[in-house]
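Below is the file target_20.tsv, which contains TSV, C-alpha atoms.
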chain	number	residue	atom	x	y	z
J	1	MET	CA	-30.86	27.44	1.39
J	2	THR	CA	-31.11	24.03	-0.24
J	3	CYS	CA	-28.33	21.45	-0.08
J	4	GLU	CA	-27.70	21.83	-3.81
J	5	ILE	CA	-27.08	25.58	-3.51
J	6	VAL	CA	-24.99	25.12	-0.37
J	7	GLN	CA	-22.82	22.46	-1.98
J	8	SER	CA	-21.98	24.71	-4.93
J	9	LYS	CA	-20.53	27.22	-2.46
J	10	LEU	CA	-18.68	24.90	-0.14
J	11	THR	CA	-15.22	25.55	-1.61
J	12	ALA	CA	-15.72	29.30	-1.22
J	13	TYR	CA	-17.00	28.59	2.31
J	14	VAL	CA	-13.87	26.59	3.17
J	15	ASP	CA	-11.69	29.36	1.67
J	16	HIS	CA	-13.60	32.07	3.58
J	17	GLN	CA	-14.37	33.80	0.29
J	18	LEU	CA	-18.09	34.39	0.73
J	19	PRO	CA	-19.95	37.50	1.91
J	20	GLN	CA	-20.38	37.42	5.69
J	21	ASP	CA	-24.15	36.71	5.65
J	22	GLU	CA	-23.84	33.89	3.13
J	23	TRP	CA	-20.94	32.37	5.06
J	24	GLN	CA	-23.00	32.47	8.25
J	25	GLN	CA	-25.94	30.75	6.54
J	26	ILE	CA	-23.75	27.91	5.29
J	27	HIS	CA	-21.97	27.73	8.63
J	28	ALA	CA	-25.33	27.20	10.26
J	29	HIS	CA	-26.41	24.59	7.69
J	30	VAL	CA	-23.29	22.38	7.66
J	31	PRO	CA	-23.60	20.88	11.17
J	32	THR	CA	-27.20	19.95	10.44
J	33	CYS	CA	-26.47	18.07	7.16
J	34	ALA	CA	-24.28	14.96	7.22
J	35	HIS	CA	-23.65	15.01	3.46
J	36	CYS	CA	-22.55	18.66	3.36
J	37	ARG	CA	-20.42	18.11	6.48
J	38	GLU	CA	-18.68	15.20	4.78
J	39	ILE	CA	-17.96	17.33	1.70
J	40	VAL	CA	-16.59	20.16	3.85
J	41	ILE	CA	-14.25	17.78	5.69
J	42	GLY	CA	-13.07	16.38	2.33
J	43	LEU	CA	-12.54	19.85	0.86
J	44	GLN	CA	-10.66	21.05	3.95
J	45	SER	CA	-8.36	18.06	3.82
J	46	THR	CA	-7.80	18.51	0.05
J	47	THR	CA	-7.04	22.20	0.57
J	48	VAL	CA	-4.47	21.45	3.28
J	49	GLU	CA	-2.87	18.73	1.15
J	50	LEU	CA	-2.67	21.06	-1.83
J	51	ASP	CA	-1.07	23.80	0.26
J	52	HIS	CA	1.50	21.37	1.62
J	53	TYR	CA	2.16	19.97	-1.82
J	54	PHE	CA	2.94	23.37	-3.30
J	55	GLN	CA	4.93	24.46	-0.24
J	56	ALA	CA	7.21	21.45	-0.77
J	57	VAL	CA	7.97	22.39	-4.37
J	58	ILE	CA	11.26	24.23	-4.70
J	59	ALA	CA	13.08	25.61	-7.71
J	60	PRO	CA	15.78	23.30	-9.14
J	61	PHE	CA	19.36	23.65	-7.96
J	62	GLY	CA	21.23	26.33	-9.89
J	63	PHE	CA	18.06	28.01	-11.15
J	64	GLU	CA	19.09	31.45	-9.91
J	65	GLU	CA	22.47	31.20	-11.66
J	66	GLU	CA	20.78	30.20	-14.92
J	67	VAL	CA	18.44	33.19	-14.74
J	68	THR	CA	21.36	35.48	-13.88
J	69	GLN	CA	23.30	34.13	-16.86
J	70	SER	CA	20.35	34.65	-19.20
J	71	LEU	CA	19.90	38.19	-17.92
J	72	ASN	CA	23.61	38.90	-18.41
J	73	ASP	CA	23.32	37.67	-22.00
J	74	ILE	CA	20.35	39.97	-22.55
J	75	ARG	CA	22.20	42.94	-21.02
J	76	GLN	CA	25.22	42.22	-23.21
J	77	ALA	CA	23.06	41.97	-26.33
J	78	ARG	CA	21.35	45.24	-25.37
J	79	HIS	CA	24.72	46.90	-24.84
J	80	MET	CA	25.94	45.71	-28.24
J	81	ASN	CA	22.74	46.95	-29.90
J	82	ARG	CA	23.20	50.33	-28.19
J	83	LEU	CA	26.81	50.56	-29.39
J	84	ASN	CA	25.76	49.59	-32.91
J	85	ALA	CA	23.05	52.24	-32.85
J	86	ILE	CA	25.53	54.88	-31.63
J	87	PHE	CA	27.97	53.88	-34.38
J	88	LEU	CA	25.28	54.06	-37.07
J	89	ILE	CA	24.05	57.44	-35.79
J	90	CYS	CA	27.61	58.82	-35.72
J	91	ALA	CA	28.41	57.40	-39.16
J	92	GLY	CA	25.17	58.79	-40.59
J	93	GLY	CA	25.76	62.16	-38.95
J	94	GLY	CA	29.34	62.29	-40.19
J	95	LEU	CA	28.33	61.39	-43.73
J	96	GLY	CA	25.56	63.97	-43.63
J	97	ALA	CA	27.94	66.64	-42.34
J	98	PHE	CA	30.47	65.77	-45.04
J	99	ILE	CA	27.84	66.01	-47.79
J	100	ALA	CA	26.58	69.30	-46.32
J	101	PHE	CA	30.13	70.60	-46.28
J	102	LEU	CA	30.67	69.58	-49.90
J	103	VAL	CA	27.53	71.34	-51.13
J	104	SER	CA	28.25	74.50	-49.07
J	105	PRO	CA	30.26	77.46	-50.61
J	106	LEU	CA	33.24	76.58	-48.37
J	107	GLY	CA	33.08	73.02	-49.66
J	108	ALA	CA	33.09	74.30	-53.24
J	109	ILE	CA	36.24	76.41	-52.52
J	110	MET	CA	37.90	73.39	-50.87
J	111	GLY	CA	36.91	71.33	-53.88
J	112	VAL	CA	38.65	73.78	-56.22
J	113	ILE	CA	41.79	73.77	-54.01
J	114	PHE	CA	41.88	69.97	-53.89
J	115	HIS	CA	41.34	69.82	-57.63
J	116	THR	CA	44.22	72.25	-58.22
J	117	LEU	CA	46.51	70.30	-55.86
J	118	PHE	CA	45.56	67.10	-57.64
J	119	ILE	CA	46.47	68.58	-61.02
J	120	LEU	CA	49.78	69.88	-59.62
J	121	VAL	CA	50.68	66.46	-58.22
J	122	GLN	CA	49.70	64.90	-61.51
J	123	CYS	CA	51.94	67.35	-63.42
J	124	MET	CA	54.86	66.68	-61.06
J	125	SER	CA	54.47	62.97	-61.60
J	126	LEU	CA	54.68	63.54	-65.33
J	127	LEU	CA	57.84	65.71	-65.03
J	128	PRO	CA	60.37	62.80	-64.83
J	129	LEU	CA	58.99	61.36	-68.05
J	130	SER	CA	59.32	64.65	-69.90
J	131	LEU	CA	62.93	64.98	-68.64
J	132	ASN	CA	63.65	61.48	-69.90
J	133	TYR	CA	65.01	60.33	-66.55
J	134	GLY	CA	67.54	63.08	-66.46
J	135	TRP	CA	65.37	64.32	-63.62
J	136	PHE	CA	67.42	62.25	-61.20
J	137	VAL	CA	70.35	64.56	-61.81
J	138	VAL	CA	68.11	67.63	-61.61
J	139	PHE	CA	66.57	66.40	-58.35
J	140	ALA	CA	69.97	65.64	-56.79
J	141	LEU	CA	71.43	68.99	-57.82
J	142	SER	CA	68.37	70.83	-56.63
J	143	SER	CA	68.54	69.04	-53.26
J	144	VAL	CA	72.19	69.92	-52.80
J	145	GLY	CA	71.46	73.49	-53.82
J	146	PHE	CA	68.55	73.79	-51.41
J	147	ALA	CA	70.61	72.25	-48.57
J	148	ALA	CA	73.49	74.67	-49.20
J	149	ILE	CA	71.16	77.67	-49.31
J	150	SER	CA	69.47	76.53	-46.09
J	151	PHE	CA	72.80	76.05	-44.29
J	152	TRP	CA	74.04	79.44	-45.44
J	153	GLY	CA	70.78	81.12	-44.43
J	154	LEU	CA	70.79	79.53	-41.01
J	155	ARG	CA	74.38	80.63	-40.29
J	156	ARG	CA	73.58	84.19	-41.26
J	157	LEU	CA	70.49	84.21	-39.10
J	158	LEU	CA	72.39	82.94	-36.05
J	159	ARG	CA	75.18	85.42	-36.55
J	160	THR	CA	72.66	88.22	-36.73
J	161	LEU	CA	71.10	87.08	-33.49
J	162	ASN	CA	74.55	86.65	-31.80
J	163	SER	CA	73.60	83.13	-30.92
J	164	GLU	CA	76.04	80.88	-29.11
J	165	VAL	CA	74.85	77.90	-31.05
J	166	ILE	CA	77.69	76.73	-33.32
J	167	VAL	CA	76.64	75.15	-36.57
X	1	MET	CA	5.46	41.80	1.06
X	2	ASN	CA	8.12	43.39	3.25
X	3	GLN	CA	9.95	46.70	2.95
X	4	ASP	CA	13.20	44.97	1.90
X	5	ASP	CA	11.49	43.53	-1.18
X	6	ILE	CA	10.03	46.93	-2.05
X	7	ASN	CA	13.49	48.49	-1.78
X	8	LEU	CA	14.93	45.72	-3.94
X	9	ILE	CA	12.32	46.34	-6.64
X	10	ARG	CA	13.02	50.10	-6.54
X	11	ASP	CA	16.76	49.45	-6.87
X	12	ALA	CA	16.19	46.94	-9.69
X	13	ARG	CA	14.10	49.50	-11.56
X	14	ARG	CA	17.03	51.88	-11.32
X	15	GLY	CA	19.16	49.23	-13.03
X	16	ASP	CA	20.76	47.55	-10.02
X	17	VAL	CA	21.64	44.06	-11.26
X	18	ASP	CA	22.31	42.62	-7.80
X	19	ALA	CA	18.91	43.81	-6.62
X	20	PHE	CA	17.17	41.92	-9.41
X	21	ASN	CA	19.24	38.81	-8.66
X	22	ALA	CA	18.02	39.06	-5.06
X	23	ILE	CA	14.43	39.29	-6.32
X	24	VAL	CA	14.99	36.12	-8.36
X	25	ARG	CA	16.34	34.42	-5.23
X	26	ASN	CA	13.32	35.51	-3.17
X	27	TYR	CA	10.64	34.60	-5.69
X	28	GLU	CA	12.08	31.64	-7.61
X	29	ASN	CA	10.11	29.07	-5.62
X	30	TYR	CA	6.79	30.91	-6.07
X	31	VAL	CA	7.31	31.23	-9.80
X	32	TYR	CA	8.49	27.65	-10.19
X	33	ARG	CA	5.50	26.34	-8.19
X	34	THR	CA	3.20	28.27	-10.52
X	35	THR	CA	4.76	27.03	-13.73
X	36	LEU	CA	5.10	23.46	-12.46
X	37	GLY	CA	1.50	23.45	-11.23
X	38	ILE	CA	0.26	24.54	-14.65
X	39	LEU	CA	2.68	22.69	-16.91
X	40	HIS	CA	3.12	19.53	-14.87
X	41	HIS	CA	6.54	19.01	-16.43
X	42	PRO	CA	9.75	19.96	-14.55
X	43	SER	CA	11.91	20.84	-17.53
X	44	ASP	CA	9.22	22.96	-19.20
X	45	ALA	CA	8.37	24.49	-15.82
X	46	GLU	CA	11.99	25.51	-15.30
X	47	ASP	CA	12.20	27.08	-18.75
X	48	ALA	CA	8.89	28.87	-18.28
X	49	ALA	CA	9.99	30.14	-14.85
X	50	GLN	CA	13.19	31.45	-16.39
X	51	GLU	CA	11.23	33.15	-19.15
X	52	THR	CA	8.95	34.68	-16.52
X	53	PHE	CA	11.89	36.37	-14.79
X	54	ILE	CA	13.30	37.56	-18.10
X	55	LYS	CA	9.93	39.08	-19.05
X	56	ALA	CA	9.69	40.64	-15.59
X	57	TYR	CA	13.16	42.13	-15.95
X	58	GLN	CA	12.35	43.55	-19.37
X	59	SER	CA	9.08	45.13	-18.30
X	60	LEU	CA	9.95	46.13	-14.73
X	61	SER	CA	9.81	49.78	-15.71
X	62	LYS	CA	6.08	49.36	-16.51
X	63	LEU	CA	5.27	48.26	-12.95
X	64	ARG	CA	3.52	51.22	-11.32
X	65	ASP	CA	3.24	50.12	-7.72
X	66	GLU	CA	6.01	48.07	-6.12
X	67	ARG	CA	3.51	46.58	-3.66
X	68	SER	CA	1.69	44.82	-6.49
X	69	PHE	CA	4.89	43.05	-7.58
X	70	PRO	CA	3.91	39.52	-6.38
X	71	THR	CA	0.57	39.57	-8.24
X	72	TRP	CA	2.20	41.20	-11.25
X	73	LEU	CA	4.86	38.48	-11.30
X	74	ALA	CA	2.20	35.79	-10.79
X	75	ARG	CA	0.29	37.15	-13.79
X	76	ILE	CA	3.41	36.94	-15.96
X	77	ALA	CA	4.11	33.41	-14.68
X	78	VAL	CA	0.55	32.26	-15.42
X	79	HIS	CA	0.52	33.72	-18.92
X	80	THR	CA	3.96	32.34	-19.70
X	81	ALA	CA	3.06	28.90	-18.38
X	82	THR	CA	-0.27	28.77	-20.25
X	83	ASP	CA	1.49	29.77	-23.48
X	84	TRP	CA	4.07	27.03	-22.85
X	85	PHE	CA	1.29	24.58	-22.08
X	86	LYS	CA	-0.46	25.29	-25.38
X	87	ALA	CA	2.81	24.93	-27.27
X	88	SER	CA	3.94	21.80	-25.42
X	89	GLN	CA	0.59	20.09	-25.82
X	90	LYS	CA	1.42	19.77	-29.48
X	91	ARG	CA	4.91	18.47	-28.80
X	92	ARG	CA	4.76	15.78	-26.17
X	93	SER	CA	3.37	14.29	-23.01
X	94	VAL	CA	5.98	13.15	-20.49
X	95	ALA	CA	5.44	12.09	-16.91
X	96	LEU	CA	6.65	14.22	-14.03
X	97	ASP	CA	10.00	13.38	-12.50
X	98	GLN	CA	9.12	13.64	-8.84
X	99	ASN	CA	12.57	13.50	-7.28
X	100	GLN	CA	13.70	16.66	-8.98
X	101	CYS	CA	11.59	19.39	-7.55
X	102	PHE	CA	10.73	18.79	-3.93
X	103	ALA	CA	12.29	19.93	-0.71
X	104	SER	CA	13.98	16.98	0.87
X	105	GLY	CA	12.71	15.72	4.18
X	106	ASP	CA	9.29	17.29	3.83
X	107	ALA	CA	7.52	16.40	7.04
X	108	HIS	CA	4.01	17.18	5.85
X	109	GLN	CA	3.49	14.70	3.10
X	110	SER	CA	4.61	11.23	2.25
X	111	THR	CA	6.00	10.58	-1.21
X	112	GLN	CA	2.90	8.58	-2.11
X	113	THR	CA	0.56	11.42	-1.13
X	114	ARG	CA	2.62	13.81	-3.20
X	115	LEU	CA	2.44	11.51	-6.19
X	116	ASP	CA	-1.31	11.20	-5.74
X	117	ILE	CA	-1.76	14.97	-5.61
X	118	GLU	CA	0.53	15.38	-8.59
X	119	ASP	CA	-1.43	12.86	-10.63
X	120	ALA	CA	-4.70	14.44	-9.55
X	121	ILE	CA	-3.53	17.95	-10.52
X	122	GLY	CA	-2.36	16.53	-13.84
X	123	GLN	CA	-5.88	15.32	-14.55
X	124	LEU	CA	-7.40	18.77	-14.12
X	125	SER	CA	-8.04	20.95	-17.14
X	126	GLU	CA	-5.68	23.88	-17.76
X	127	GLU	CA	-8.29	26.41	-16.57
X	128	HIS	CA	-8.81	24.53	-13.33
X	129	ARG	CA	-5.09	24.15	-12.75
X	130	VAL	CA	-4.51	27.88	-13.16
X	131	VAL	CA	-7.06	28.93	-10.55
X	132	THR	CA	-5.96	26.15	-8.20
X	133	VAL	CA	-2.31	27.24	-8.44
X	134	LEU	CA	-3.13	30.92	-7.93
X	135	ARG	CA	-5.14	30.11	-4.84
X	136	ALA	CA	-2.75	27.53	-3.35
X	137	VAL	CA	0.60	29.12	-4.19
X	138	TYR	CA	-0.16	32.83	-3.74
X	139	GLY	CA	-3.21	32.62	-1.49
X	140	LEU	CA	-4.96	35.15	-3.71
X	141	ASP	CA	-8.54	36.20	-2.99
X	142	TYR	CA	-11.17	35.13	-5.52
X	143	GLU	CA	-11.53	38.77	-6.53
X	144	GLU	CA	-7.80	39.10	-7.19
X	145	ILE	CA	-7.83	35.92	-9.28
X	146	ALA	CA	-10.81	37.24	-11.24
X	147	LYS	CA	-8.99	40.52	-11.92
X	148	MET	CA	-5.78	38.76	-12.87
X	149	LEU	CA	-7.44	36.38	-15.31
X	150	ASP	CA	-9.98	38.95	-16.44
X	151	ILE	CA	-12.96	36.69	-15.74
X	152	PRO	CA	-16.06	37.15	-13.54
X	153	ILE	CA	-15.72	36.23	-9.87
X	154	GLY	CA	-18.54	33.71	-10.28
X	155	THR	CA	-16.43	31.87	-12.86
X	156	VAL	CA	-13.49	31.81	-10.46
X	157	ARG	CA	-15.77	30.43	-7.73
X	158	SER	CA	-17.18	27.70	-9.97
X	159	ARG	CA	-13.82	26.76	-11.47
X	160	LEU	CA	-12.21	26.49	-8.05
X	161	HIS	CA	-15.14	24.50	-6.71
X	162	ASN	CA	-15.14	22.08	-9.62
X	163	ALA	CA	-11.36	21.72	-9.45
X	164	ARG	CA	-11.34	21.12	-5.70
X	165	MET	CA	-14.23	18.66	-5.88
X	166	ARG	CA	-12.49	16.77	-8.68
X	167	LEU	CA	-9.25	16.68	-6.68
X	168	ARG	CA	-11.15	15.44	-3.65
X	169	GLU	CA	-12.70	12.63	-5.70
X	170	LEU	CA	-9.38	11.69	-7.29
X	171	LEU	CA	-7.52	11.75	-3.98
X	172	GLN	CA	-10.21	9.65	-2.33
X	173	ASP	CA	-9.97	7.15	-5.19
X	174	GLU	CA	-6.18	7.09	-4.96
X	175	GLY	CA	-6.37	6.72	-1.19
X	176	GLY	CA	-8.76	3.81	-1.64
X	177	THR	CA	-6.53	2.20	-4.26
X	178	HIS	CA	-3.44	2.33	-2.06
X	179	GLN	CA	-5.12	1.00	1.06

As structure tokens, the full file:
Amino acid sequence: MTCEIVQSKLTAYVDHQLPQDEWQQIHAHVPTCAHCREIVIGLQSTTVELDHYFQAVIAPFGFEEEVTQSLNDIRQARHMNRLNAIFLICAGGGLGAFIAFLVSPLGAIMGVIFHTLFILVQCMSLLPLSLNYGWFVVFALSSVGFAAISFWGLRRLLRTLNSEVIV
Amino acid sequence: MNQDDINLIRDARRGDVDAFNAIVRNYENYVYRTTLGILHHPSDAEDAAQETFIKAYQSLSKLRDERSFPTWLARIAVHTATDWFKASQKRRSVALDQNQCFASGDAHQSTQTRLDIEDAIGQLSEEHRVVTVLRAVYGLDYEEIAKMLDIPIGTVRSRLHNARMRLRELLQDEGGTHQ
């Protein structure tokens, strides 16, 4: 092995990253060559200094807390996204179910009932106008009449049942 | 990698927040060394290290074997730091603030030696810094580095050799200058 070839492998030799036979060849060469020996000593010292340099580097104070905070923010954002997705799915599902109900036969029947009720309410709202506000009197008399009938009915019912409740 | 770390990773994969915080505590120095070694800028290195852990957290479910966690995390750190490096190259070039990121009372190296090494690392190309960091911080085999960076082992060998020789020259020059 020539010095040129050996020198190109000296870092791998120092790191013990060569195949066994190659490492042995270089190991045999180095003590015999002053120049290669000098390079090996330099590389070994550089390697040790590098290792010590990196070993001395530590993460800044409060780094862990910062990472934890960032992760909490991410978790919160994920949670919010999940809730939003659930809301959208539920809203979409509900809307779909409502539309399906409306287009179904049952929905059509309900539609007719609602329509009828709407017309009835509309008619009742027009009644006071047609009575020319005399409807106040009609409403009051009707209420009194209904109350009297209810009271009378209730008394009869209790008497029939021999109830001890006194009205 | 010990059994405790493996258990922590398993728990974190199941969604245990405290377990992942413990992982951050155990690996923060490794990740920060990697990003600082590549970026050569404390503030960027801190941000990149933070991003590394966030990426790791988000893709932890993709990790197949818990035992490969350190190399997996190193790969994320390297990619994150190199992306940051490319982006920051366009932005600025600020010197390293040395007092911020070293263990106090380090018995191994004097401040001057540290500064020399720092300067020397800063003069390496990005490719050389990456392989140097992976070897020095994680003690990875050449084959592992080759797999991680997806390059031939011969390239790893030559990059590491050129980087180490350059560092040796620079450190010898610096040593000569200070004497």

Within-8 Å shell of (-20.1, 32.1, 1.3) in input frame, all atoms listed in the file, as a ChimeraX atom specification: /J:9-10,12-13,16-26

Option closest in space to Ala136 (chain X), from J:Glu4, J:Asp15, J:Asp73, J:Asp51 [counting all atoms listed in the file]: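 Checking each candidate against Ala136 (chain X), we get J:Asp51 as the closest.
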
List every residue of chain J that has an atom at most 9 Å from any atom of chain X, giving for each one its closest atom pair and the distance in Å to one decimal, counting all atoms listed in the file, sorted by chain and then by ascending residue number, as a tab-separated table.
residue	atom	partner	partner_atom	distance
J:Ser8	CA	X:His161	CA	7.1
J:Lys9	CA	X:His161	CA	7.4
J:Leu10	CA	X:His161	CA	7.5
J:Thr11	CA	X:His161	CA	5.2
J:Ala12	CA	X:Arg157	CA	6.6
J:Asp15	CA	X:Asp141	CA	8.9
J:Gln17	CA	X:Tyr142	CA	6.8
J:Ile39	CA	X:Met165	CA	8.6
J:Gly42	CA	X:Arg168	CA	6.4
J:Leu43	CA	X:Arg168	CA	6.5
J:Ser45	CA	X:Arg168	CA	8.4
J:Thr46	CA	X:Arg168	CA	5.9
J:Thr47	CA	X:Arg164	CA	7.7
J:Glu49	CA	X:Gln109	CA	7.8
J:Leu50	CA	X:Ala136	CA	6.6
J:Asp51	CA	X:Ala136	CA	5.5
J:His52	CA	X:His108	CA	6.5
J:Tyr53	CA	X:Arg114	CA	6.3
J:Phe54	CA	X:Arg33	CA	6.3
J:Gln55	CA	X:Val137	CA	7.5
J:Ala56	CA	X:Ala103	CA	5.3
J:Val57	CA	X:Phe102	CA	4.6
J:Ile58	CA	X:Asn29	CA	5.1
J:Ala59	CA	X:Asn29	CA	5.0
J:Pro60	CA	X:Cys101	CA	5.9
J:Phe61	CA	X:Cys101	CA	8.9
J:Phe63	CA	X:Glu46	CA	7.8
J:Glu64	CA	X:Arg25	CA	6.2
J:Glu65	CA	X:Asn21	CA	8.8
J:Glu66	CA	X:Gln50	CA	7.8
J:Val67	CA	X:Gln50	CA	5.8
J:Thr68	CA	X:Asn21	CA	6.5
J:Ser70	CA	X:Ile54	CA	7.7
J:Leu71	CA	X:Ile54	CA	6.6
J:Ile74	CA	X:Ile54	CA	8.7

Atom-to-atom span, CA of Arg159 (chain X) and CA of His128 (chain X), Å: 5.8 Å

Report, as AutoDock Vina command-line options, the axis-aligned box around all atoms of region 23-36 of chain J present in the file, extended by 8 Å on each side; give centre and edge lengths in Å to one decimal place.
--center_x -24.1 --center_y 23.7 --center_z 7.3 --size_x 22.3 --size_y 33.5 --size_z 23.8

Nearest-residue call for Thr82 (chain X), choices X:Ala120, X:Leu63, X:Val131, X:Ala56, using all atoms listed in the file: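 Once distances to Thr82 (chain X) are computed over all atoms listed in the file, the minimum belongs to X:Val131.
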
CA of Ile149 (chain J) to CA of Phe118 (chain J), distance in Å rounded to a single decimal: 28.9 Å

Straight-line distance linking CA of Gln112 (chain X) with CA of Asp173 (chain X), stated in Å to one decimal: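 Rounded to one decimal, the two atoms are 13.3 Å apart.
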
Region 146-148 of chain X environment, 9 Å, all atoms listed in the file, sequence neighbours closer than 5 positions dropped, as a list in words: Thr71, Trp72, Ala74, Arg75, Asp141, Ile153, Gly154, Thr155 and Val156 of chain X

Best match for closeness to Lys86 (chain X) among X:Lys55, X:Asp116, X:Leu39, X:Lys62, counting all atoms listed in the file: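 Between X:Lys55, X:Asp116, X:Leu39, X:Lys62, the residue approaching Lys86 (chain X) most closely is X:Leu39.
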